[in-house]
$ cat start_17.txt   # compact mmCIF, C-alpha atoms
# COMPACT_ATOMS: atom_id res chain seq x y z
CA MET A 1 -22.20 -10.81 -55.64
CA PHE A 2 -24.03 -12.51 -52.82
CA LYS A 3 -21.47 -11.26 -50.30
CA GLY A 4 -21.98 -7.69 -51.59
CA LYS A 5 -25.76 -7.89 -51.10
CA LYS A 6 -25.27 -9.32 -47.63
CA LEU A 7 -22.96 -6.46 -46.73
CA LEU A 8 -25.51 -3.92 -47.93
CA VAL A 9 -28.22 -5.54 -45.80
CA VAL A 10 -25.99 -5.43 -42.71
CA ILE A 11 -25.12 -1.76 -43.35
CA GLY A 12 -28.81 -1.00 -43.79
CA LEU A 13 -29.71 -2.66 -40.48
CA ILE A 14 -26.96 -0.77 -38.65
CA PHE A 15 -28.17 2.53 -40.14
CA SER A 16 -31.77 1.73 -39.16
CA VAL A 17 -30.81 0.98 -35.54
CA MET A 18 -28.76 4.19 -35.31
CA LEU A 19 -31.63 6.23 -36.71
CA THR A 20 -34.02 4.71 -34.16
CA LEU A 21 -31.65 5.57 -31.33
CA VAL A 22 -31.27 9.15 -32.51
CA VAL A 23 -35.04 9.64 -32.87
CA GLY A 24 -35.62 7.99 -29.47
CA CYS A 25 -33.10 10.24 -27.79
CA GLY A 26 -34.67 13.26 -29.42
CA THR A 27 -38.14 12.27 -28.20
CA SER A 28 -36.87 11.67 -24.67
CA SER A 29 -35.03 14.97 -24.71
CA GLN A 30 -38.15 16.76 -25.94
CA SER A 31 -40.25 15.08 -23.24
CA GLU A 32 -37.82 16.18 -20.55
CA SER A 33 -37.81 19.67 -22.05
CA ASP A 34 -41.62 19.81 -21.91
CA LYS A 35 -41.54 18.78 -18.25
CA SER A 36 -39.02 21.50 -17.46
CA LYS A 37 -41.40 24.09 -18.95
CA VAL A 38 -44.07 23.39 -16.32
CA THR A 39 -44.36 26.31 -13.89
CA GLU A 40 -45.53 25.63 -10.33
CA ILE A 41 -47.31 28.13 -8.10
CA THR A 42 -48.26 27.60 -4.48
CA ILE A 43 -51.32 28.92 -2.64
CA ALA A 44 -51.16 28.63 1.17
CA GLY A 45 -53.31 29.88 4.04
CA SER A 46 -56.94 29.80 5.15
CA THR A 47 -58.56 26.38 5.48
CA SER A 48 -61.87 28.09 4.66
CA VAL A 49 -60.49 29.37 1.35
CA GLN A 50 -58.68 26.09 0.64
CA PRO A 51 -61.68 24.13 -0.77
CA ILE A 52 -62.60 26.78 -3.35
CA SER A 53 -58.91 27.23 -4.22
CA GLU A 54 -58.71 23.50 -4.96
CA VAL A 55 -61.78 23.66 -7.21
CA LEU A 56 -60.37 26.66 -9.07
CA ALA A 57 -56.92 25.08 -9.34
CA GLN A 58 -58.28 21.90 -10.95
CA ALA A 59 -60.31 23.83 -13.52
CA PHE A 60 -57.37 26.14 -14.24
CA MET A 61 -54.85 23.32 -14.71
CA ALA A 62 -57.20 21.60 -17.17
CA LYS A 63 -56.92 24.73 -19.31
CA HIS A 64 -53.25 25.43 -18.55
CA PRO A 65 -51.33 22.12 -18.26
CA GLU A 66 -48.10 24.11 -18.36
CA ILE A 67 -48.90 25.57 -14.91
CA LYS A 68 -49.24 23.42 -11.77
CA VAL A 69 -51.14 24.92 -8.83
CA ASN A 70 -50.33 23.48 -5.42
CA VAL A 71 -52.95 24.36 -2.75
CA GLN A 72 -52.12 24.15 0.97
CA GLY A 73 -53.82 25.12 4.24
CA GLY A 74 -52.22 26.38 7.43
CA GLY A 75 -54.58 29.18 8.46
CA SER A 76 -54.97 32.82 7.41
CA THR A 77 -52.15 34.18 9.55
CA ALA A 78 -49.79 31.61 8.07
CA GLY A 79 -51.00 32.53 4.58
CA ILE A 80 -50.38 36.23 5.15
CA GLN A 81 -46.88 35.45 6.42
CA ALA A 82 -46.21 33.12 3.48
CA ALA A 83 -47.12 35.87 1.03
CA LYS A 84 -44.91 38.37 2.87
CA THR A 85 -41.87 36.10 2.95
CA GLY A 86 -42.42 34.68 -0.52
CA THR A 87 -42.64 31.07 0.69
CA ALA A 88 -45.96 30.94 -1.19
CA ASN A 89 -46.73 32.69 -4.45
CA ILE A 90 -50.24 33.44 -3.19
CA GLY A 91 -51.34 33.69 0.43
CA SER A 92 -55.03 33.19 1.25
CA SER A 93 -56.96 34.80 4.08
CA SER A 94 -60.56 34.58 5.26
CA ARG A 95 -60.35 37.80 7.28
CA GLU A 96 -59.40 41.41 6.72
CA LEU A 97 -55.73 42.21 7.21
CA LYS A 98 -54.71 43.96 10.41
CA SER A 99 -52.94 47.30 10.13
CA GLU A 100 -49.55 45.71 10.81
CA GLU A 101 -50.17 43.13 8.06
CA LYS A 102 -50.88 45.67 5.33
CA GLY A 103 -48.52 46.17 2.42
CA LEU A 104 -49.51 43.11 0.42
CA VAL A 105 -51.49 43.25 -2.83
CA GLU A 106 -55.04 42.11 -1.98
CA THR A 107 -57.50 40.50 -4.39
CA MET A 108 -60.96 39.79 -2.97
CA ILE A 109 -62.16 36.71 -4.83
CA CYS A 110 -65.54 36.44 -3.07
CA LYS A 111 -67.33 36.82 0.27
CA ASP A 112 -68.46 34.17 2.73
CA GLY A 113 -70.74 34.06 5.74
CA ILE A 114 -69.78 32.50 9.05
CA ALA A 115 -72.55 30.18 10.19
CA VAL A 116 -73.11 29.48 13.88
CA VAL A 117 -73.87 25.77 14.05
CA VAL A 118 -75.31 23.26 16.50
CA ASN A 119 -76.15 19.58 16.40
CA PRO A 120 -79.29 18.84 14.31
CA LYS A 121 -80.95 17.39 17.44
CA ASN A 122 -80.64 20.71 19.27
CA GLU A 123 -84.06 22.42 19.41
CA VAL A 124 -82.65 25.97 19.44
CA LYS A 125 -83.13 27.70 16.07
CA ASN A 126 -82.13 31.31 16.65
CA LEU A 127 -79.69 33.27 18.80
CA THR A 128 -78.94 36.96 19.03
CA ILE A 129 -75.42 38.29 18.52
CA ASP A 130 -75.40 39.17 22.22
CA GLN A 131 -76.35 35.62 23.23
CA ILE A 132 -73.63 34.14 21.00
CA ARG A 133 -71.09 36.53 22.50
CA LYS A 134 -72.10 35.58 26.05
CA ILE A 135 -71.96 31.86 25.22
CA TYR A 136 -68.42 32.22 23.88
CA LYS A 137 -67.36 34.38 26.83
CA GLY A 138 -68.67 31.73 29.22
CA GLU A 139 -71.45 33.90 30.69
CA ILE A 140 -74.22 31.71 29.27
CA THR A 141 -73.36 28.09 30.01
CA ASN A 142 -76.64 26.16 29.75
CA TRP A 143 -78.92 25.74 26.75
CA LYS A 144 -82.00 26.40 28.93
CA GLN A 145 -80.81 30.02 29.24
CA VAL A 146 -81.54 30.49 25.53
CA GLY A 147 -84.67 28.38 25.23
CA GLY A 148 -83.10 24.95 24.87
CA ALA A 149 -82.72 21.81 26.96
CA ASP A 150 -81.28 21.85 30.48
CA LYS A 151 -77.83 20.83 29.27
CA GLU A 152 -74.39 22.38 29.56
CA ILE A 153 -73.18 24.12 26.39
CA ASN A 154 -69.98 22.74 24.91
CA VAL A 155 -68.30 25.62 23.11
CA VAL A 156 -66.13 24.83 20.08
CA THR A 157 -63.81 27.40 18.50
CA ARG A 158 -60.96 27.64 16.01
CA GLU A 159 -57.29 27.98 16.88
CA ALA A 160 -55.50 31.32 17.28
CA GLY A 161 -54.35 32.50 13.85
CA SER A 162 -57.40 31.11 12.08
CA GLY A 163 -59.02 33.63 9.74
CA THR A 164 -62.46 32.30 10.65
CA ARG A 165 -61.72 32.84 14.34
CA GLY A 166 -60.29 36.28 13.65
CA ALA A 167 -63.41 37.31 11.73
CA PHE A 168 -65.67 35.80 14.41
CA GLU A 169 -63.83 37.67 17.16
CA GLU A 170 -64.11 40.92 15.23
CA LEU A 171 -67.73 40.56 14.12
CA VAL A 172 -69.25 38.82 17.15
CA MET A 173 -67.00 39.15 20.18
CA GLY A 174 -65.77 42.70 19.71
CA LYS A 175 -62.98 44.29 21.74
CA ASP A 176 -62.23 43.14 25.29
CA ASN A 177 -64.46 40.05 24.97
CA PRO A 178 -62.11 37.07 24.74
CA ILE A 179 -63.37 33.61 23.96
CA SER A 180 -63.50 31.44 27.09
CA SER A 181 -60.39 29.40 27.82
CA LYS A 182 -62.72 26.45 28.45
CA ALA A 183 -63.71 26.31 24.77
CA ILE A 184 -62.71 23.25 22.76
CA VAL A 185 -60.15 24.35 20.16
CA GLN A 186 -60.11 22.75 16.70
CA ASN A 187 -57.64 23.53 13.92
CA SER A 188 -59.85 23.41 10.83
CA THR A 189 -63.37 24.08 9.59
CA GLY A 190 -63.91 20.35 9.08
CA ALA A 191 -62.80 19.52 12.62
CA VAL A 192 -65.25 22.04 14.11
CA ARG A 193 -68.08 20.64 12.00
CA THR A 194 -67.25 17.04 12.95
CA THR A 195 -67.08 17.92 16.66
CA VAL A 196 -70.47 19.65 16.62
CA ALA A 197 -72.01 16.85 14.54
CA GLY A 198 -70.96 14.36 17.20
CA ASP A 199 -72.09 16.33 20.28
CA VAL A 200 -75.77 17.19 20.87
CA ASN A 201 -74.79 20.00 23.25
CA ALA A 202 -72.04 21.63 21.18
CA ILE A 203 -71.98 24.98 19.41
CA GLY A 204 -69.43 26.08 16.82
CA TYR A 205 -68.92 28.34 13.82
CA VAL A 206 -67.89 27.41 10.27
CA SER A 207 -67.70 28.82 6.78
CA LEU A 208 -71.15 29.11 5.22
CA ALA A 209 -69.80 27.35 2.12
CA SER A 210 -68.79 24.32 4.20
CA LEU A 211 -72.24 23.65 5.67
CA ASN A 212 -73.73 20.19 5.25
CA GLU A 213 -76.50 18.12 6.80
CA SER A 214 -74.30 16.95 9.69
CA VAL A 215 -74.86 20.27 11.50
CA LYS A 216 -77.67 22.83 11.81
CA ALA A 217 -77.03 26.51 11.07
CA LEU A 218 -78.79 28.94 13.43
CA SER A 219 -80.49 32.15 12.45
CA VAL A 220 -78.78 35.15 14.01
CA ASP A 221 -81.02 38.00 15.16
CA GLY A 222 -83.79 36.33 13.17
CA VAL A 223 -81.82 36.26 9.89
CA GLU A 224 -80.89 32.97 8.22
CA PRO A 225 -77.28 32.47 7.08
CA THR A 226 -77.78 32.27 3.32
CA VAL A 227 -75.83 33.49 0.31
CA GLU A 228 -78.61 35.95 -0.51
CA ASN A 229 -78.66 37.39 3.02
CA VAL A 230 -74.87 37.79 3.02
CA LYS A 231 -75.12 39.51 -0.36
CA ASN A 232 -77.88 41.92 0.69
CA GLY A 233 -76.18 42.67 3.99
CA THR A 234 -78.91 41.48 6.34
CA TYR A 235 -76.77 38.61 7.68
CA LYS A 236 -74.03 40.44 9.53
CA ILE A 237 -71.47 37.69 10.22
CA SER A 238 -69.63 37.72 6.91
CA ARG A 239 -66.04 38.21 5.74
CA PRO A 240 -63.94 38.41 2.56
CA PHE A 241 -61.91 35.65 0.93
CA LEU A 242 -58.61 37.20 -0.10
CA TYR A 243 -55.69 36.23 -2.30
CA LEU A 244 -52.48 38.02 -1.29
CA THR A 245 -49.27 38.59 -3.21
CA LYS A 246 -46.06 40.33 -2.26
CA GLU A 247 -45.96 42.26 -5.55
CA PRO A 248 -48.59 42.99 -8.22
CA PRO A 249 -49.43 39.61 -9.81
CA ALA A 250 -47.30 38.73 -12.83
CA GLY A 251 -46.60 35.69 -15.00
CA ALA A 252 -48.31 32.45 -14.00
CA VAL A 253 -49.69 33.99 -10.80
CA LYS A 254 -51.44 36.73 -12.80
CA THR A 255 -52.75 34.15 -15.28
CA PHE A 256 -54.29 32.16 -12.40
CA ILE A 257 -55.80 35.17 -10.61
CA ASP A 258 -57.19 36.49 -13.90
CA PHE A 259 -58.88 33.11 -14.37
CA VAL A 260 -60.33 33.25 -10.83
CA MET A 261 -61.84 36.69 -11.49
CA SER A 262 -63.09 35.75 -14.98
CA PRO A 263 -66.74 34.80 -15.61
CA GLU A 264 -65.70 31.12 -15.65
CA GLY A 265 -63.88 31.37 -12.32
CA GLN A 266 -66.66 33.37 -10.69
CA SER A 267 -69.20 30.83 -11.92
CA LEU A 268 -67.26 28.07 -10.13
CA ILE A 269 -67.16 30.19 -6.97
CA GLN A 270 -70.91 30.74 -7.12
CA LYS A 271 -71.56 27.01 -7.56
CA GLU A 272 -69.67 26.38 -4.31
CA GLY A 273 -72.15 28.55 -2.37
CA LEU A 274 -69.98 31.64 -2.01
CA VAL A 275 -70.96 35.27 -2.60
CA LEU A 276 -69.69 36.96 -5.75
CA VAL A 277 -68.00 40.35 -5.56
CA LYS A 278 -68.28 41.14 -9.29

$ encode --input "start_17.txt" --output "structure tokens"
Amino acid sequence: MFKGKKLLVVIGLIFSVMLTLVVGCGTSSQSESDKSKVTEITIAGSTSVQPISEVLAQAFMAKHPEIKVNVQGGGSTAGIQAAKTGTANIGSSSRELKSEEKGLVETMICKDGIAVVVNPKNEVKNLTIDQIRKIYKGEITNWKQVGGADKEINVVTREAGSGTRGAFEELVMGKDNPISSKAIVQNSTGAVRTTVAGDVNAIGYVSLASLNESVKALSVDGVEPTVENVKNGTYKISRPFLYLTKEPPAGAVKTFIDFVMSPEGQSLIQKEGLVLVK
């Protein structure tokens, strides 16, 4: 009788262990299955668009944990190419597309101004479009020529392929007015801002949304670079922020872009100092 009870106990323990293993395997399998259901989309391109894309991505992923949004830089030209080739689900650009780049599906998520910036210690407060053009061409080379100190102007620009540079060349330089080869070239908005912040005699241009106290934004033709002035059209150096897709957005890409253009997404854009288009 005792041996029979002992046998039953042993059988019970074996059954319990087997049940635990089966349940454990099922949980592990389910966990792996959940992971495999996560969809990843990539946004690549403009370093000016990148910060707002990161803000939007974080808010979106909090609502949609099944979709991971990977945000990368690289510049507008790279973003346009990435959208064309499909190496990114969404390309981002901070300039209008050239005629030879057309053919992509464009979604304007907002507008942004380009602020012309100097070091906070620089006494110059306003420049005309013509003066800015001549500074960047190398025709005006000393701050005293525009009402400042008798110091050489150190011109800072973005790299070729940058959407900010492309927009600046179109809106300020115009045709047949190349930026001087003597200009210091930086490969991101942050690098331009840091360079100007560290050089009393420097001048640069950055996204309006990226302004901080390390640099001073100049008025242009007497108009301050503000969100309101970009919106009402009085500040002329402004450009679109674009999301680009090879085909009409579908699936996870459409879900993300719909979120960006929703009241919640547009509210986040507005909080970042950008100009709404809706």

$ residues_around --input "start_17.txt" --residues "A:Thr128" --least-positions-apart "6" --cutoff "8 Å" --atoms "all atoms listed in the file" --output "MDAnalysis selection string"
chainID A and resid 220:222

$ residues_around --input "start_17.txt" --residues "stretch 80-89 of chain A" --least-positions-apart "2" --cutoff "7 Å" --atoms "all atoms listed in the file" --output "PyMOL selection string"
chain A and resi 41-44+76-78+91-93+244-246

$ atom_distance --input "start_17.txt" --atom1 "atom CA of A:Pro65" --atom2 "atom CA of A:Ser210"
28.5 Å

$ closest_residue --input "start_17.txt" --among "A:Arg158, A:Gly73, A:Ser219, A:Asn122" --to "A:Thr234" --atoms "all atoms listed in the file"
A:Ser219

$ closest_atom_pairs --input "start_17.txt" --of "stretch 38-88 of chain A" --to "stretch 190-205 of chain A" --cutoff "12 Å" --atoms "only C-alpha atoms" --output "CSV"
residue,atom,partner,partner_atom,distance
A:Thr47,CA,A:Gly190,CA,8.8
A:Ser48,CA,A:Gly190,CA,9.1
A:Gln50,CA,A:Gly190,CA,11.5
A:Pro51,CA,A:Gly190,CA,10.8

$ closest_residue --input "start_17.txt" --among "A:Met108, A:Leu211, A:Ile257, A:Ile269" --to "A:Thr226" --atoms "all atoms listed in the file"
A:Leu211
